[in-house]
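Q: Data file model11.cif (mmCIF, C-alpha atoms) is appended below.
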```cif
data_protein
#
loop_
_atom_site.label_atom_id
_atom_site.label_comp_id
_atom_site.auth_asym_id
_atom_site.auth_seq_id
_atom_site.Cartn_x
_atom_site.Cartn_y
_atom_site.Cartn_z
CA MET A 1 -7.09 10.07 -0.76
CA LEU A 2 -9.34 11.40 -3.49
CA ASP A 3 -9.26 15.08 -4.36
CA ILE A 4 -12.49 16.71 -3.13
CA LYS A 5 -12.38 18.87 -6.26
CA LYS A 6 -12.51 15.71 -8.41
CA ILE A 7 -15.58 14.53 -6.52
CA MET A 8 -17.26 17.95 -6.77
CA ALA A 9 -16.56 18.20 -10.50
CA ALA A 10 -18.10 14.84 -11.42
CA PRO A 11 -19.89 13.25 -8.45
CA GLU A 12 -21.95 10.83 -10.55
CA ASP A 13 -18.86 9.57 -12.36
CA VAL A 14 -17.09 8.97 -9.04
CA LYS A 15 -20.15 7.17 -7.67
CA LYS A 16 -20.40 4.96 -10.75
CA ASN A 17 -16.72 4.07 -10.52
CA LEU A 18 -16.75 3.30 -6.80
CA SER A 19 -19.97 1.31 -7.06
CA MET A 20 -17.94 -1.25 -9.08
CA ARG A 21 -16.04 -1.92 -5.87
CA GLY A 22 -19.27 -2.46 -3.95
CA PHE A 23 -18.59 0.74 -2.01
CA ASP A 24 -21.49 2.49 -0.29
CA ILE A 25 -21.83 5.53 -2.56
CA THR A 26 -24.00 7.39 -0.05
CA GLU A 27 -20.65 8.25 1.54
CA ILE A 28 -20.00 10.46 -1.48
CA ASP A 29 -23.22 12.38 -0.84
CA ARG A 30 -22.24 12.70 2.79
CA VAL A 31 -18.80 14.17 2.12
CA LEU A 32 -20.26 16.54 -0.49
CA ALA A 33 -22.90 17.74 1.98
CA VAL A 34 -20.32 18.42 4.70
CA ASN A 35 -18.04 20.12 2.20
CA GLU A 36 -20.91 22.32 1.00
CA THR A 37 -21.52 23.40 4.59
CA ARG A 38 -17.82 24.15 4.93
CA ARG A 39 -17.83 26.24 1.75
CA HIS A 40 -20.92 28.13 2.93
CA LEU A 41 -19.26 28.94 6.25
CA ILE A 42 -16.11 30.15 4.49
CA SER A 43 -18.17 32.30 2.10
CA LYS A 44 -20.11 33.82 4.99
CA SER A 45 -16.90 34.48 6.89
CA GLU A 46 -15.34 36.22 3.89
CA THR A 47 -18.44 38.39 3.49
CA LEU A 48 -18.18 39.45 7.13
CA LYS A 49 -14.46 40.15 6.73
CA ALA A 50 -15.30 42.46 3.85
CA GLN A 51 -17.77 44.19 6.17
CA GLN A 52 -15.03 44.44 8.80
CA ASN A 53 -12.75 46.20 6.35
CA LYS A 54 -15.48 48.65 5.45
CA VAL A 55 -16.34 49.37 9.09
CA ASN A 56 -12.64 49.74 9.88
CA GLN A 57 -12.35 52.42 7.23
CA GLU A 58 -15.43 54.20 8.61
CA ILE A 59 -14.01 54.06 12.15
CA ALA A 60 -10.71 55.46 10.93
CA GLN A 61 -12.53 58.32 9.20
CA LEU A 62 -14.60 59.12 12.31
CA LYS A 63 -11.49 59.15 14.48
CA LYS A 64 -9.74 61.37 11.97
CA ASN A 65 -12.65 63.81 12.19
CA LYS A 66 -12.61 63.41 15.99
CA GLN A 67 -16.14 62.04 15.97
CA ASP A 68 -17.72 59.37 18.18
CA ALA A 69 -17.01 55.84 16.80
CA SER A 70 -18.43 53.86 19.72
CA VAL A 71 -21.39 52.44 17.77
CA LEU A 72 -19.12 51.21 14.97
CA LEU A 73 -16.60 49.83 17.47
CA GLU A 74 -19.34 47.77 19.06
CA GLN A 75 -20.40 46.61 15.60
CA MET A 76 -16.77 45.68 14.86
CA LYS A 77 -16.63 43.64 18.08
CA GLU A 78 -19.74 41.70 17.05
CA LEU A 79 -18.38 41.13 13.54
CA SER A 80 -15.05 39.94 14.91
CA GLY A 81 -16.74 37.47 17.23
CA GLU A 82 -18.93 36.12 14.44
CA VAL A 83 -15.93 35.72 12.09
CA LYS A 84 -14.04 33.76 14.76
CA ARG A 85 -17.07 31.53 15.31
CA LEU A 86 -17.49 30.86 11.58
CA GLU A 87 -13.78 30.14 11.12
CA ALA A 88 -13.80 27.70 14.03
CA GLU A 89 -16.90 25.95 12.66
CA SER A 90 -15.49 25.79 9.12
CA GLY A 91 -12.30 24.30 10.60
CA VAL A 92 -14.35 21.57 12.25
CA ARG A 93 -16.16 20.88 8.97
CA ASP A 94 -12.84 20.83 7.10
CA GLU A 95 -11.49 18.18 9.48
CA GLU A 96 -14.72 16.21 9.03
CA VAL A 97 -14.31 16.34 5.24
CA GLN A 98 -10.72 15.08 5.57
CA GLN A 99 -11.77 12.21 7.83
CA LEU A 100 -14.57 11.21 5.45
CA LEU A 101 -12.19 11.32 2.47
CA MET A 102 -9.77 9.04 4.35
CA ARG A 103 -12.41 6.30 4.28
CA ILE A 104 -13.27 6.56 0.59
CA PRO A 105 -11.29 4.15 -1.64
CA ASN A 106 -9.42 5.07 -4.78
CA THR A 107 -11.20 5.25 -8.11
CA LEU A 108 -10.39 2.41 -10.48
CA HIS A 109 -8.52 2.65 -13.77
CA GLU A 110 -10.71 2.09 -16.81
CA SER A 111 -8.85 -1.13 -17.70
CA VAL A 112 -9.74 -2.90 -14.41
CA PRO A 113 -12.06 -5.87 -15.09
CA ARG A 114 -15.52 -5.66 -13.53
CA GLY A 115 -16.45 -8.21 -10.91
CA GLN A 116 -17.14 -8.61 -7.21
CA SER A 117 -14.80 -11.45 -6.19
CA ALA A 118 -11.56 -13.22 -7.09
CA GLU A 119 -13.49 -15.51 -9.43
CA GLN A 120 -13.89 -12.54 -11.80
CA ASN A 121 -10.16 -11.73 -11.90
CA LYS A 122 -8.69 -11.90 -15.40
CA VAL A 123 -5.66 -14.04 -16.26
CA VAL A 124 -3.37 -11.85 -18.39
CA ARG A 125 -0.55 -14.32 -19.12
CA THR A 126 1.21 -17.41 -17.78
CA TRP A 127 4.86 -18.41 -17.73
CA GLY A 128 6.44 -21.87 -17.62
CA ASP A 129 4.87 -25.28 -17.14
CA LYS A 130 3.51 -27.08 -14.12
CA PRO A 131 6.14 -29.50 -12.79
CA LYS A 132 5.45 -33.23 -12.70
CA ILE A 133 5.70 -34.13 -9.01
CA VAL A 134 5.39 -37.86 -8.29
CA LYS A 135 3.87 -37.46 -4.82
CA PRO A 136 2.96 -33.81 -4.20
CA SER A 137 3.01 -32.66 -0.57
CA GLU A 138 2.10 -29.41 1.11
CA HIS A 139 5.03 -27.36 2.27
CA TRP A 140 4.41 -27.79 5.99
CA GLU A 141 4.52 -31.57 5.55
CA ILE A 142 7.78 -31.30 3.60
CA GLY A 143 9.24 -28.88 6.12
CA GLU A 144 8.40 -31.09 9.09
CA ARG A 145 9.72 -34.24 7.36
CA LEU A 146 13.02 -32.49 6.55
CA ASN A 147 13.20 -30.93 10.03
CA ILE A 148 13.50 -27.40 8.59
CA LEU A 149 10.16 -25.89 9.67
CA ASP A 150 8.91 -26.15 13.24
CA PHE A 151 5.39 -24.88 13.83
CA GLU A 152 4.74 -26.67 17.11
CA ARG A 153 7.65 -25.13 19.02
CA ALA A 154 6.93 -21.67 17.61
CA GLY A 155 3.37 -22.10 18.85
CA ARG A 156 4.67 -22.74 22.35
CA VAL A 157 7.21 -19.91 22.24
CA THR A 158 4.88 -17.31 20.74
CA GLY A 159 1.55 -18.57 19.45
CA ALA A 160 -0.35 -19.47 16.31
CA ARG A 161 0.92 -18.31 12.92
CA PHE A 162 4.59 -18.18 13.87
CA THR A 163 7.33 -20.54 12.70
CA PHE A 164 10.88 -21.53 13.49
CA VAL A 165 12.64 -21.69 10.10
CA ARG A 166 15.70 -23.90 10.55
CA SER A 167 18.82 -25.27 8.92
CA HIS A 168 18.55 -25.48 5.10
CA ALA A 169 15.30 -23.49 5.07
CA ALA A 170 16.85 -20.65 7.11
CA LYS A 171 19.81 -20.47 4.73
CA LEU A 172 17.43 -20.62 1.78
CA GLU A 173 15.35 -17.67 3.09
CA ARG A 174 18.53 -15.62 3.53
CA ALA A 175 19.69 -16.64 0.06
CA LEU A 176 16.38 -15.59 -1.47
CA VAL A 177 16.58 -12.14 0.15
CA ASN A 178 20.10 -11.58 -1.17
CA PHE A 179 19.26 -12.94 -4.62
CA MET A 180 16.19 -10.70 -4.93
CA LEU A 181 18.00 -7.57 -3.75
CA ASP A 182 21.01 -8.23 -6.00
CA THR A 183 18.76 -8.78 -9.02
CA HIS A 184 16.67 -5.66 -8.43
CA THR A 185 19.67 -3.42 -7.75
CA THR A 186 22.13 -4.66 -10.37
CA GLU A 187 19.74 -5.59 -13.18
CA HIS A 188 16.60 -3.51 -12.62
CA GLY A 189 18.07 -0.22 -11.42
CA TYR A 190 16.64 0.00 -7.90
CA GLU A 191 18.40 1.71 -5.02
CA GLU A 192 18.68 -0.63 -2.04
CA MET A 193 17.30 0.60 1.25
CA ILE A 194 17.01 -0.74 4.79
CA PRO A 195 14.02 1.12 6.24
CA PRO A 196 12.84 1.48 9.84
CA PHE A 197 10.74 -1.52 10.86
CA MET A 198 8.52 0.74 12.97
CA VAL A 199 6.61 3.77 11.70
CA ASN A 200 4.40 6.47 13.15
CA ARG A 201 0.70 6.91 12.59
CA GLN A 202 1.11 9.60 9.93
CA SER A 203 3.18 7.26 7.75
CA LEU A 204 0.42 4.64 7.82
CA ILE A 205 -2.13 7.32 6.97
CA GLY A 206 0.10 8.28 4.03
CA THR A 207 0.00 4.79 2.52
CA SER A 208 -3.70 4.33 3.44
CA GLN A 209 -3.47 1.52 6.02
CA LEU A 210 -4.91 4.02 8.50
CA PRO A 211 -7.49 4.85 9.58
CA LYS A 212 -9.43 2.02 7.92
CA PHE A 213 -7.23 -1.01 8.70
CA GLU A 214 -5.89 -0.34 12.20
CA GLU A 215 -7.14 -3.69 13.50
CA ASP A 216 -4.77 -5.45 11.09
CA LEU A 217 -1.70 -3.74 12.57
CA PHE A 218 0.49 -4.40 15.59
CA LYS A 219 0.79 -1.23 17.70
CA LEU A 220 3.49 -0.74 20.31
CA GLU A 221 1.97 -0.09 23.70
CA LYS A 222 2.49 3.39 25.20
CA THR A 223 3.77 4.76 21.87
CA ASP A 224 2.30 5.93 18.59
CA TYR A 225 4.57 3.51 16.71
CA PHE A 226 3.40 0.51 14.71
CA LEU A 227 5.34 -2.51 13.41
CA ILE A 228 5.35 -2.24 9.64
CA PRO A 229 2.96 -4.49 7.67
CA THR A 230 5.23 -4.06 4.64
CA ALA A 231 8.29 -2.00 3.64
CA GLU A 232 5.92 -0.12 1.32
CA VAL A 233 5.00 2.08 4.29
CA PRO A 234 8.39 3.54 5.30
CA VAL A 235 9.81 3.52 1.77
CA THR A 236 6.85 5.30 0.14
CA ASN A 237 6.95 7.86 2.95
CA PHE A 238 10.67 8.55 2.41
CA TYR A 239 9.83 11.80 0.56
CA ARG A 240 6.78 12.66 2.66
CA GLU A 241 5.92 16.38 2.64
CA GLU A 242 8.68 17.07 0.09
CA ILE A 243 8.69 18.58 -3.39
CA LEU A 244 10.90 16.72 -5.86
CA SER A 245 12.13 17.92 -9.23
CA GLU A 246 10.67 16.31 -12.34
CA ASP A 247 14.18 15.23 -13.35
CA GLN A 248 14.31 12.90 -10.32
CA LEU A 249 11.42 10.79 -11.63
CA PRO A 250 11.06 7.87 -11.80
CA ILE A 251 12.52 6.97 -8.42
CA ALA A 252 12.98 3.26 -7.63
CA PHE A 253 13.74 1.67 -4.25
CA ALA A 254 14.13 -1.98 -3.25
CA ALA A 255 13.93 -2.84 0.44
CA TYR A 256 14.07 -5.97 2.55
CA SER A 257 12.10 -6.03 5.78
CA PRO A 258 10.32 -8.34 8.15
CA CYS A 259 6.58 -7.66 7.99
CA PHE A 260 4.06 -7.88 10.81
CA ARG A 261 0.33 -8.31 10.26
CA ALA A 262 -2.39 -9.06 12.78
CA GLU A 263 -4.85 -9.78 9.94
CA ALA A 264 -7.76 -9.66 12.34
CA GLY A 265 -10.29 -10.28 9.58
CA SER A 266 -8.67 -13.45 8.24
CA TYR A 267 -9.00 -15.98 11.05
CA GLY A 268 -9.91 -19.42 9.78
CA LYS A 269 -7.96 -18.90 6.53
CA ASP A 270 -4.57 -20.56 5.90
CA THR A 271 -4.04 -21.33 9.54
CA LYS A 272 -1.47 -24.00 8.67
CA GLY A 273 1.92 -23.33 7.13
CA LEU A 274 3.69 -20.20 5.94
CA ILE A 275 1.08 -18.66 3.66
CA ARG A 276 -0.53 -16.34 6.21
CA GLN A 277 1.83 -15.62 9.10
CA HIS A 278 1.84 -12.77 11.61
CA GLN A 279 5.56 -12.30 10.85
CA PHE A 280 7.21 -12.88 7.49
CA ASN A 281 10.02 -11.58 5.29
CA LYS A 282 9.57 -9.66 2.07
CA VAL A 283 11.54 -7.72 -0.51
CA GLU A 284 9.48 -4.73 -1.63
CA ILE A 285 9.97 -2.66 -4.78
CA VAL A 286 8.61 0.89 -4.85
CA ARG A 287 8.49 3.43 -7.67
CA LEU A 288 7.55 7.12 -7.71
CA SER A 289 6.45 8.19 -11.17
CA HIS A 290 5.36 11.13 -13.28
CA PRO A 291 1.53 10.94 -13.54
CA THR A 292 1.56 10.53 -17.31
CA LYS A 293 3.92 7.55 -17.15
CA SER A 294 2.68 5.58 -14.14
CA TYR A 295 0.90 2.87 -16.13
CA GLU A 296 4.06 2.26 -18.13
CA GLN A 297 5.84 2.06 -14.78
CA LEU A 298 3.28 -0.48 -13.51
CA GLU A 299 4.19 -2.80 -16.38
CA VAL A 300 7.90 -2.28 -15.67
CA LEU A 301 7.52 -2.97 -11.94
CA THR A 302 5.43 -6.08 -12.60
CA SER A 303 7.99 -7.40 -15.08
CA HIS A 304 10.72 -7.00 -12.45
CA ALA A 305 8.81 -9.16 -9.97
CA GLU A 306 8.20 -11.69 -12.75
CA LYS A 307 11.91 -11.89 -13.55
CA ILE A 308 12.57 -13.27 -10.07
CA LEU A 309 10.05 -16.09 -10.60
CA GLN A 310 11.45 -16.80 -14.05
CA ALA A 311 15.02 -17.00 -12.73
CA LEU A 312 13.81 -19.49 -10.11
CA GLY A 313 12.02 -21.52 -12.80
CA LEU A 314 8.65 -21.28 -11.04
CA HIS A 315 5.45 -21.59 -13.08
CA TYR A 316 3.13 -18.64 -12.46
CA ARG A 317 0.36 -16.55 -13.92
CA VAL A 318 -0.31 -12.81 -13.95
CA VAL A 319 -3.84 -11.85 -12.93
CA SER A 320 -5.52 -8.46 -13.30
CA LEU A 321 -7.66 -8.00 -10.21
CA CYS A 322 -11.31 -7.18 -10.80
CA SER A 323 -13.05 -4.12 -9.33
CA GLY A 324 -14.38 -5.93 -6.26
CA ASP A 325 -11.02 -7.55 -5.45
CA THR A 326 -8.78 -4.49 -5.91
CA GLY A 327 -7.29 -3.10 -2.71
CA PHE A 328 -8.58 0.05 -1.02
CA GLY A 329 -5.88 2.43 -2.24
CA SER A 330 -5.06 0.86 -5.60
CA ALA A 331 -6.30 2.09 -8.97
CA LYS A 332 -5.09 -1.11 -10.66
CA THR A 333 -3.38 -4.26 -9.40
CA TYR A 334 -1.70 -7.26 -10.97
CA ASP A 335 -1.29 -10.33 -8.77
CA LEU A 336 1.46 -12.81 -9.56
CA GLU A 337 0.20 -16.25 -8.60
CA VAL A 338 2.71 -19.07 -8.32
CA TRP A 339 1.75 -22.71 -8.83
CA LEU A 340 1.88 -24.86 -5.67
CA PRO A 341 1.69 -28.58 -6.50
CA GLY A 342 1.02 -29.61 -2.89
CA GLN A 343 -2.05 -27.39 -2.77
CA ASP A 344 -2.94 -28.06 -6.41
CA ALA A 345 -3.60 -24.34 -6.74
CA TYR A 346 -2.19 -20.97 -7.70
CA ARG A 347 -1.39 -18.72 -4.75
CA GLU A 348 -0.51 -15.03 -4.68
CA ILE A 349 3.19 -14.33 -4.28
CA SER A 350 3.22 -10.67 -5.31
CA SER A 351 0.77 -7.81 -5.77
CA CYS A 352 1.93 -4.99 -8.05
CA SER A 353 -0.20 -1.85 -7.81
CA ASN A 354 -0.50 1.67 -9.16
CA PHE A 355 -2.00 3.99 -6.55
CA GLU A 356 -1.90 7.01 -8.88
CA ASP A 357 -1.89 10.10 -6.60
CA PHE A 358 -4.00 8.47 -3.85
CA GLN A 359 -1.08 7.88 -1.46
CA ALA A 360 0.94 10.91 -2.56
CA ARG A 361 -1.97 13.24 -1.78
CA ARG A 362 -2.19 11.80 1.74
CA ALA A 363 1.59 11.88 2.23
CA GLY A 364 2.19 15.24 0.52
CA ILE A 365 4.70 13.96 -2.07
CA ARG A 366 4.89 16.34 -5.02
CA PHE A 367 7.22 17.30 -7.85
CA LYS A 368 7.92 20.60 -9.58
CA PRO A 369 7.40 20.35 -13.37
CA LYS A 370 10.20 21.39 -15.72
CA ASP A 371 7.97 24.04 -17.29
CA GLY A 372 7.78 25.85 -13.97
CA GLY A 373 4.10 25.13 -13.35
CA LYS A 374 2.52 24.43 -9.97
CA PRO A 375 3.82 21.39 -8.06
CA GLN A 376 1.89 18.20 -8.83
CA PHE A 377 1.44 15.00 -6.86
CA VAL A 378 3.58 12.06 -7.96
CA HIS A 379 2.07 8.65 -8.66
CA THR A 380 3.21 5.85 -6.34
CA LEU A 381 3.57 2.18 -7.21
CA ASN A 382 4.74 -0.85 -5.28
CA GLY A 383 4.95 -4.61 -5.43
CA SER A 384 6.40 -7.60 -3.64
CA GLY A 385 9.62 -8.57 -5.29
CA LEU A 386 8.92 -11.14 -3.77
CA ALA A 387 7.26 -12.36 -0.58
CA VAL A 388 10.18 -14.46 0.69
CA GLY A 389 8.25 -16.97 2.80
CA ARG A 390 5.83 -17.73 -0.01
CA THR A 391 8.76 -18.15 -2.39
CA LEU A 392 10.23 -20.68 0.05
CA VAL A 393 6.86 -22.48 -0.01
CA ALA A 394 6.94 -22.59 -3.81
CA LEU A 395 10.50 -23.92 -3.89
CA LEU A 396 9.71 -26.70 -1.42
CA GLU A 397 6.55 -27.85 -3.23
CA ASN A 398 7.92 -27.48 -6.77
CA GLY A 399 11.36 -28.94 -6.02
CA LEU A 400 10.13 -32.05 -4.19
CA GLN A 401 11.71 -35.26 -5.48
CA ALA A 402 10.50 -38.86 -5.30
CA ASP A 403 13.05 -39.67 -2.57
CA GLY A 404 11.75 -36.81 -0.38
CA SER A 405 14.66 -34.45 -1.06
CA VAL A 406 14.12 -30.98 -2.54
CA ILE A 407 16.04 -29.63 -5.55
CA ILE A 408 17.03 -25.95 -5.27
CA PRO A 409 17.37 -23.70 -8.37
CA GLN A 410 20.98 -23.35 -9.52
CA VAL A 411 20.76 -19.56 -9.39
CA LEU A 412 20.57 -19.79 -5.58
CA LYS A 413 23.50 -22.16 -5.07
CA LYS A 414 26.10 -19.38 -4.80
CA TYR A 415 23.95 -17.72 -2.12
CA CYS A 416 23.10 -20.74 0.04
CA GLY A 417 25.90 -23.18 -0.79
CA PHE A 418 23.74 -26.15 -1.77
CA ASP A 419 21.45 -27.19 -4.61
CA ARG A 420 19.51 -29.88 -2.76
CA ILE A 421 17.92 -30.28 0.67
CA PRO A 422 18.61 -33.95 1.47
CA SER A 423 15.94 -36.35 2.58
CA LEU A 424 16.13 -37.63 6.14
CA GLY A 425 14.89 -41.02 5.01
CA PRO A 426 11.47 -42.74 4.92
#
```
Translate this structure into structure tokens?
A:
Amino acid sequence: MLDIKKIMAAPEDVKKNLSMRGFDITEIDRVLAVNETRRHLISKSETLKAQQNKVNQEIAQLKKNKQDASVLLEQMKELSGEVKRLEAESGVRDEEVQQLLMRIPNTLHESVPRGQSAEQNKVVRTWGDKPKIVKPSEHWEIGERLNILDFERAGRVTGARFTFVRSHAAKLERALVNFMLDTHTTEHGYEEMIPPFMVNRQSLIGTSQLPKFEEDLFKLEKTDYFLIPTAEVPVTNFYREEILSEDQLPIAFAAYSPCFRAEAGSYGKDTKGLIRQHQFNKVEIVRLSHPTKSYEQLEVLTSHAEKILQALGLHYRVVSLCSGDTGFGSAKTYDLEVWLPGQDAYREISSCSNFEDFQARRAGIRFKPKDGGKPQFVHTLNGSGLAVGRTLVALLENGLQADGSVIIPQVLKKYCGFDRIPSLGP
């Protein structure tokens, strides 16, 4: 959530920044107008309270002199009623300001490329080479041929966009989770965490999925709990409404979780295969940073996600998302896009973002500076380290051999017990 003081101090700058997203900047005028009404009501209430104090003193003096104070008492009654009315109305306006702010996206960092769609994203760097696959196939074709992915039966058991992951693929998913967590905890300094897989509404407000994206979430009937769309939500909220010490920063967590997304706005896209499922596994990495160091931390976090792809020998590129493609709460995002030979395309496998204080302000996560100054909001960052299902997709398409078998990276052999998924024949 943006600080209303930031908007008040430089409204035209905020409008110019948010217009790069394609955001309707009249919303800024609207929140400023409501906030001005709120401020006026507060000012009027304070003026009347000052009058109350003065009348109170006059009443006390009259009573001390044993004089009639009935006129002033009636005046005090009227003042008290008006103050209560103004305070109630200013409270309503304050809530309206908060609700309007909840729907305004984050301002963008100055380094974010300008553009309105993914076509304007900027490639920052690439790693590795595209593999030479004799007969490229899409992962769902490979999975069905090897009898390790079953979409048809999952469709009957549950519905569209669910999958039975079987045999070698099931072991490989489990291996990937363990490999990612081991790498992040032993080499990159993250503390491992198993978070709740359900969260309350306030947690989703804290990480900015709510109120704007409720239709993309799975809500549990007769409760105020939601299935998590990503471990980012519970892990970022771990210190919600707490004040940390500056010495604790940066804080780094790595968490495995299943993720659940309704993705109501994406029907018709990636309906086949594992790319866009309602349920999928992911290892998330989250960092809480001092505000002056968060962009250094973004580079660190991104490099940690990259190390996983490098260890797996997967060709990828790092893309800086343009203004129109950057997520609602992010100030800057790098996407890691892995090469998929079967699709003859790069596909996102991780998004690494700096939210600055946007989430922390909503979640109330602050730290006390060493110099003893007022508590400040931390900066929050997160990224997929990695999306496990999409990594499985990349391994199947990049490891495909001419005989139909799939070679598995050696680094995973100790986790899954094999280095090849054998072909079942022609």
Q: Starting from the displayed file, determine the output of the PyMOL selection byres ((chain A and resi 396) around 10) and express the residue list as a ChimeraX atom specification.
A: /A:137-143,169,340-342,390-395,397-401,405-408,421
Q: If I take atom CA of A:Ala252 and atom CA of A:Asn237, how far is one from the other in Å, to one decimal?
A: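 A separation of 13.0 Å between them.
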Q: Name the closest residue to A:Glu152 among the candidates A:Arg85, A:Lys272, A:His379, A:Arg420; distances are taken between atoms, counting only C-alpha atoms.
A: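 For A:Glu152, the nearest of the given residues is A:Lys272.
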Q: Which residue, A:Leu288, A:Ala60, A:Ala254, A:Val338, has the smallest gap to A:Asn178 when you use all atoms listed in the file?
A: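 Of all the options, A:Ala254 lies closest to A:Asn178.
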Q: Env of A:Gln209: 12 Å cut, atoms = only C-alpha atoms, seq-sep filter 4 positions within chain, self excluded. Answer as a PyMOL selection string.
A: chain A and resi 1+102-103+105+199-205+213-218+226+228-230+232-233+261+327-330+359+362
Q: In terms of the shortest atom-to-atom distance over all atoms listed in the file, which of A:Gln343, A:Ile365, A:Gly385, A:Phe151 is closest to A:Leu301?
A: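 Closest candidate: A:Gly385.
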Q: Check which residues satisfy the PyMOL selection byres ((chain A and resi 58) around 12) in the file shown, then give them as a list in words.
A: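 Written out, the selection comes to Gln51, Gln52, Asn53, Lys54, Val55, Asn56, Gln57, Ile59, Ala60, Gln61, Leu62, Lys63, Lys64, Asn65, Gln67, Asp68, Ala69, Ser70, Val71, Leu72, Leu73, Gln75 and Met76 of chain A.
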Q: What is the distance between atom CA of A:Pro234 and atom CA of A:Ile251, in Å to one decimal?
A: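 Spanning atom CA of A:Pro234 to atom CA of A:Ile251 is a straight-line distance of 14.7 Å.
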Q: How many Å separate atom CA of A:Asp24 from atom CA of A:Gly206?
A: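 Atom-to-atom, atom CA of A:Asp24 to atom CA of A:Gly206, that is 22.8 Å.
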Q: Could you list, as a VMD selection string, every residue matched by the PyMOL selection byres ((chain A and resi 87) around 12) in this structure?
A: chain A and resid 38 to 46 48 to 49 80 to 86 88 to 94
Q: Fewer than 5 positions away in the same chain doesn't count, so skip those; otherwise give me all residues within 8 Å of stretch 181-197 of chain A, counting all atoms listed in the file, as a ChimeraX atom specification.
A: /A:227-228,231,234-235,252-259,283,285,304,308
Q: List as an mmCIF file with C-alpha atoms, in the coordinates of the input the protein and nucleic acid residues near A:Asn121, meaning an atom at most 10 Å away when all atoms listed in the file are counted, but skip any in the same chain fewer than 3 places from it.
A:
```cif
data_model
loop_
_atom_site.group_PDB
_atom_site.id
_atom_site.type_symbol
_atom_site.label_atom_id
_atom_site.label_comp_id
_atom_site.auth_asym_id
_atom_site.auth_seq_id
_atom_site.Cartn_x
_atom_site.Cartn_y
_atom_site.Cartn_z
ATOM 1 C CA VAL A 112 -9.740 -2.900 -14.410
ATOM 2 C CA PRO A 113 -12.060 -5.870 -15.090
ATOM 3 C CA ARG A 114 -15.520 -5.660 -13.530
ATOM 4 C CA GLY A 115 -16.450 -8.210 -10.910
ATOM 5 C CA GLN A 116 -17.140 -8.610 -7.210
ATOM 6 C CA SER A 117 -14.800 -11.450 -6.190
ATOM 7 C CA ALA A 118 -11.560 -13.220 -7.090
ATOM 8 C CA VAL A 124 -3.370 -11.850 -18.390
ATOM 9 C CA VAL A 319 -3.840 -11.850 -12.930
ATOM 10 C CA SER A 320 -5.520 -8.460 -13.300
ATOM 11 C CA LEU A 321 -7.660 -8.000 -10.210
ATOM 12 C CA CYS A 322 -11.310 -7.180 -10.800
ATOM 13 C CA SER A 323 -13.050 -4.120 -9.330
ATOM 14 C CA GLY A 324 -14.380 -5.930 -6.260
ATOM 15 C CA ASP A 325 -11.020 -7.550 -5.450
ATOM 16 C CA THR A 326 -8.780 -4.490 -5.910
ATOM 17 C CA TYR A 334 -1.700 -7.260 -10.970
ATOM 18 C CA ASP A 335 -1.290 -10.330 -8.770
#
```
Q: Closest to A:Gln297 among A:Ala311, A:Ile243, A:Leu2, A:Leu249, using only C-alpha atoms?
A: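 Residue with the minimum atom-to-atom distance to A:Gln297: A:Leu249.
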Q: For a quick check of understanding, using all atoms listed in the file, which of A:Lys122, A:Lys171, A:Lys282, A:Lys212 has the smallest distance to A:Leu386?
A: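 Among A:Lys122, A:Lys171, A:Lys282, A:Lys212, it is A:Lys282 that comes nearest to A:Leu386.
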Q: Ranking A:Val378, A:Val286, A:Ile4, A:Leu210 by minimum distance to A:Gln98 and counting only C-alpha atoms, which one comes first?
A: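 Using only C-alpha atoms, A:Gln98 sits closest to A:Ile4.
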Q: Quick one: stretch 2-10 of chain A with N, CA and C atoms, as a PDB file, in the coordinates of the input?
A:
```
ATOM      1  N   LEU A   2      -8.821  10.728  -2.302  1.00  0.00           N
ATOM      2  CA  LEU A   2      -9.340  11.400  -3.490  1.00  0.00           C
ATOM      3  C   LEU A   2      -9.346  12.905  -3.282  1.00  0.00           C
ATOM      4  N   ASP A   3      -9.183  13.619  -4.367  1.00  0.00           N
ATOM      5  CA  ASP A   3      -9.260  15.080  -4.360  1.00  0.00           C
ATOM      6  C   ASP A   3     -10.734  15.474  -4.275  1.00  0.00           C
ATOM      7  N   ILE A   4     -11.094  16.285  -3.274  1.00  0.00           N
ATOM      8  CA  ILE A   4     -12.490  16.710  -3.130  1.00  0.00           C
ATOM      9  C   ILE A   4     -12.952  17.460  -4.377  1.00  0.00           C
ATOM     10  N   LYS A   5     -12.022  18.142  -5.045  1.00  0.00           N
ATOM     11  CA  LYS A   5     -12.380  18.870  -6.260  1.00  0.00           C
ATOM     12  C   LYS A   5     -12.801  17.902  -7.371  1.00  0.00           C
ATOM     13  N   LYS A   6     -12.148  16.753  -7.415  1.00  0.00           N
ATOM     14  CA  LYS A   6     -12.510  15.710  -8.410  1.00  0.00           C
ATOM     15  C   LYS A   6     -13.921  15.207  -8.149  1.00  0.00           C
ATOM     16  N   ILE A   7     -14.238  15.009  -6.872  1.00  0.00           N
ATOM     17  CA  ILE A   7     -15.580  14.530  -6.520  1.00  0.00           C
ATOM     18  C   ILE A   7     -16.620  15.594  -6.837  1.00  0.00           C
ATOM     19  N   MET A   8     -16.321  16.855  -6.513  1.00  0.00           N
ATOM     20  CA  MET A   8     -17.260  17.950  -6.770  1.00  0.00           C
ATOM     21  C   MET A   8     -17.513  18.132  -8.263  1.00  0.00           C
ATOM     22  N   ALA A   9     -16.448  17.950  -9.062  1.00  0.00           N
ATOM     23  CA  ALA A   9     -16.560  18.200 -10.500  1.00  0.00           C
ATOM     24  C   ALA A   9     -17.409  17.146 -11.200  1.00  0.00           C
ATOM     25  N   ALA A  10     -17.357  15.912 -10.734  1.00  0.00           N
ATOM     26  CA  ALA A  10     -18.100  14.840 -11.420  1.00  0.00           C
ATOM     27  C   ALA A  10     -18.569  13.806 -10.398  1.00  0.00           C
TER      28      ALA A  10
END
```
